[in-house]
Amino acid sequence: MFRRLFWWNLLLAVPTVAASQMFASILGYPLPDVAGLAWVSPVLGTVIYLWGGRPFLTGAVAEVRSFKPGMMLLIALAITVAFASSWASTLGLVSQELDFWWELALLVVIMLLGHWIEMRSLAQTSSALDSLAALLPDEAERVRDGQIQTVAPADLVVDDVVVVRPGGRVPADGQVVEGSAAVDESMITGESRSVRREVGDRVVAGTVATDSGIRLRVTATGEDTALAGIGKLVADAQASGSRAQRLADTAAGWLFWFALGSGITTAIVWSVIGSPDQAVIRAITVLVIACPHALGLAIPLVISIATERAARVGVLVKDRLAMEAMRGVTTVLFDKTGTLTVGRPTVINVQHADPDGDAGHLLALAAAAETDSEHPLARAVVRAASARGLDVPTAGDFTSSPAVGVTATVHGHTVQVGGPALLTQVGAAELPAADRWRGEGSIILHVVVDGRVAGALALADEVRPESRAAVGELHRRGIEVVMITGDAEAVAASVARQVGVDRFFAGVRPEDKSATVAALQAEGKRVAMVGDGVNDAPALARADVGIAIGAGTDVAIASAGIVLASADPRSVVSVIDLSTATHRKSIQNLVWGAGYNLIAVPLAAGVLAPIGFVMPMSIGALLMSASTVVVALNAQLLRRLDLLPADLTTDRTPQDIPAPDPVPAGSADPGEDHRPPT
């Protein structure tokens, strides 16, 4: 609307200004003696006032009705005074010096330009929502009665099975029931690397299967999908208030009274020392200069751009106050499982009973026996064999025993994989390495072939490759990093050494995590709690800033002020950097917007008139518009902020992370070594 109004009123303003006798006398060119030319400026000026000025006039009425005077009322007051005085001059009721048609046209056009810039900038901040909406495919392929039907994503219901072909977008949240594919989730999580999704894994609407096709069972559609949740978070964040915004609104309110008082004082003083005409000119100039346009734009634009910028890298701001508070955080408290670690067991060591034996062959046998099991430890063994490219043989006669393990026949040999109960059952002793692994907090599985122990596997919760880099970056910013976990001391110590945290709390029950946050706060620390948003909800709510990480398909977490769609803990660094940059830009814009008005108003009032300087109204309008452009451009610089430092953007694998120092043997929870029922 403002763009259209600007261009049309600019076309009307050109003849209005050119035909103005006052403007012609200022530039020194003669107006042609054409019948009716004297009415061009009044007629077109009236159209400009009523049409181009309508947004400001209606905005002023709204501010009066709400008893919240602001910039719209000031703009409306300025153009209304100019309109009335110009008509009075045209009709010969007052001096010709009060012919402000050209200044009225210029003022309205400049104001429309400023609002166009503002609206365009604010519209750009909503592009993240538009992008999210565009992620859903136009069509989905549903499997019904063995036939593939092409339907709209909106027609899908929970438990429908859909086909996602290579390169196709996932139409709804679901669980993979057939096939596997590398899924590009960057549009949702901000993570650039594709993630392998296999049978049983969940996928999110809008993501892309890059290398192969999969079939999935729909678990959520429409407003219940993660994509819709993310969109709601972004929209709510853009609509939410902030401390800086309240400060700007307060400043704008005070500026109105400052401007009104200055205008009245200027009119009185110039009426005494000058003439009524000069008093009106000076008063109008003061009102134009004092319009808090730049101040009103300063904070909303910065916050909106910051929110949109965050959404594009998977940082979803639910509460802007939480974003503002991040810059003052002194301690980041990470929950271990699912945050610093991936939250699933991983094979970290394989040892054959025979020093000359092939550890790879041992792992392949174990994977063969575990192939038909759905137990998390079994899945970890199978994944490890697949990741190493091992040739896993086919197994038969599969059986499982709760709390013991699995048994299968592989190449005519009986292969068993299990925990301590399995060794007790077969009457065998564990390998000597088991004590050392247990001291490091690992879960131990032994592989028994034909009744004899052939080797052992050590499994532990896999540390995210990015965790060490995230901790290092937080340390470089002078922030203490603390880890909290319900795991045993040995497990916590092992992870703590790998990622480099300053200290850790082990054996903490979920309901006691909030007390740990309170204890850190009692030490005078400002704490940001980073957790999975489920068991950590009380702690997230208690912390100065609650951050839910790795939300994936659960983005509507009420206890967190910030949600990280990506499971990458380095996003916490991005939040801190964005919070710091946003605060800096907000202060810069506030200083410029308010400071400009406080300095320019006295000049417009004519305080330098004794030395021969009187600011023209047109110059005041131009300077006011220039301040708005400066504020807008300064806010746009946030788009250039690199939220991930260069040394964090390099992909790292677990092998890139230095091995931890040896951890002294500790008393791990004995229950961790017992394999739960398969």
# chains A, B, ... in the order shown; residues from 1 in each chain; ligands from 1
$ select_by_dssp --residues "region 298-458 of chain A" --states "strand (DSSP E or B)" --output "ChimeraX atom specification"
/A:315-317,331-335,341-352,395-401,405-410,413-418,443-449,452-458
$ residues_around --residues "region 477-490 of chain A" --least-positions-apart "3" --cutoff "8 Å" --atoms "only C-alpha atoms" --output "ChimeraX atom specification"
/A:329-337,439-441,471,473-474,493-494,496,501-510,513,663,665-669
$ residues_around --residues "Ser373 (chain A)" --least-positions-apart "5" --cutoff "10 Å" --atoms "only C-alpha atoms" --output "tab-separated table (two decimals) with N, CA, C and O atoms, in the first residue's frame"
chain	number	residue	atom	x	y	z
A	367	ALA	N	26.73	-58.36	14.97
A	367	ALA	CA	25.69	-57.68	14.21
A	367	ALA	C	24.75	-58.68	13.56
A	367	ALA	O	23.53	-58.44	13.49
A	378	ALA	N	21.11	-53.42	20.36
A	378	ALA	CA	21.23	-54.22	19.14
A	378	ALA	C	21.33	-53.31	17.93
A	378	ALA	O	22.15	-53.53	17.03
A	379	ARG	N	20.51	-52.26	17.90
A	379	ARG	CA	20.57	-51.31	16.78
A	379	ARG	C	21.94	-50.64	16.72
A	379	ARG	O	22.46	-50.37	15.64
A	382	VAL	N	24.41	-53.09	15.10
A	382	VAL	CA	24.17	-53.18	13.65
A	382	VAL	C	24.66	-51.92	12.95
A	382	VAL	O	25.28	-51.98	11.88
A	398	PHE	N	16.80	-67.12	15.35
A	398	PHE	CA	16.96	-66.02	16.30
A	398	PHE	C	16.02	-66.18	17.49
A	398	PHE	O	14.83	-66.48	17.33
A	399	THR	N	16.57	-65.99	18.69
A	399	THR	CA	15.76	-65.95	19.91
A	399	THR	C	16.34	-64.87	20.82
A	399	THR	O	17.50	-64.49	20.70
A	400	SER	N	15.49	-64.36	21.67
A	400	SER	CA	15.95	-63.35	22.63
A	400	SER	C	15.47	-63.71	24.01
A	400	SER	O	14.41	-64.34	24.18
A	405	GLY	N	20.10	-61.55	26.67
A	405	GLY	CA	20.67	-61.22	25.39
A	405	GLY	C	19.97	-61.96	24.27
A	405	GLY	O	18.82	-62.39	24.41
A	406	VAL	N	20.68	-62.12	23.15
A	406	VAL	CA	20.11	-62.77	21.98
A	406	VAL	C	20.97	-63.97	21.59
A	406	VAL	O	22.16	-64.04	21.92
A	678	THR	N	14.84	-57.42	25.58
A	678	THR	CA	14.86	-57.08	24.16
A	678	THR	C	13.45	-57.09	23.62
A	678	THR	O	12.57	-57.75	24.17
$ atom_distance --atom1 "CA of Ile348 (chain A)" --atom2 "CA of Gln425 (chain A)"
25.6 Å
$ atom_distance --atom1 "CA of Val170 (chain A)" --atom2 "CA of Asp145 (chain A)"
21.0 Å
$ atom_distance --atom1 "CA of Val157 (chain A)" --atom2 "CA of Ala140 (chain A)"
11.7 Å
$ residues_around --residues "region 418-423 of chain A" --least-positions-apart "5" --cutoff "10 Å" --atoms "only C-alpha atoms" --output "NGL selection string"
:A and (366 or 370 or 377-378 or 400-407 or 428-430 or 443-448 or 451-453 or 456-457 or 672-676)
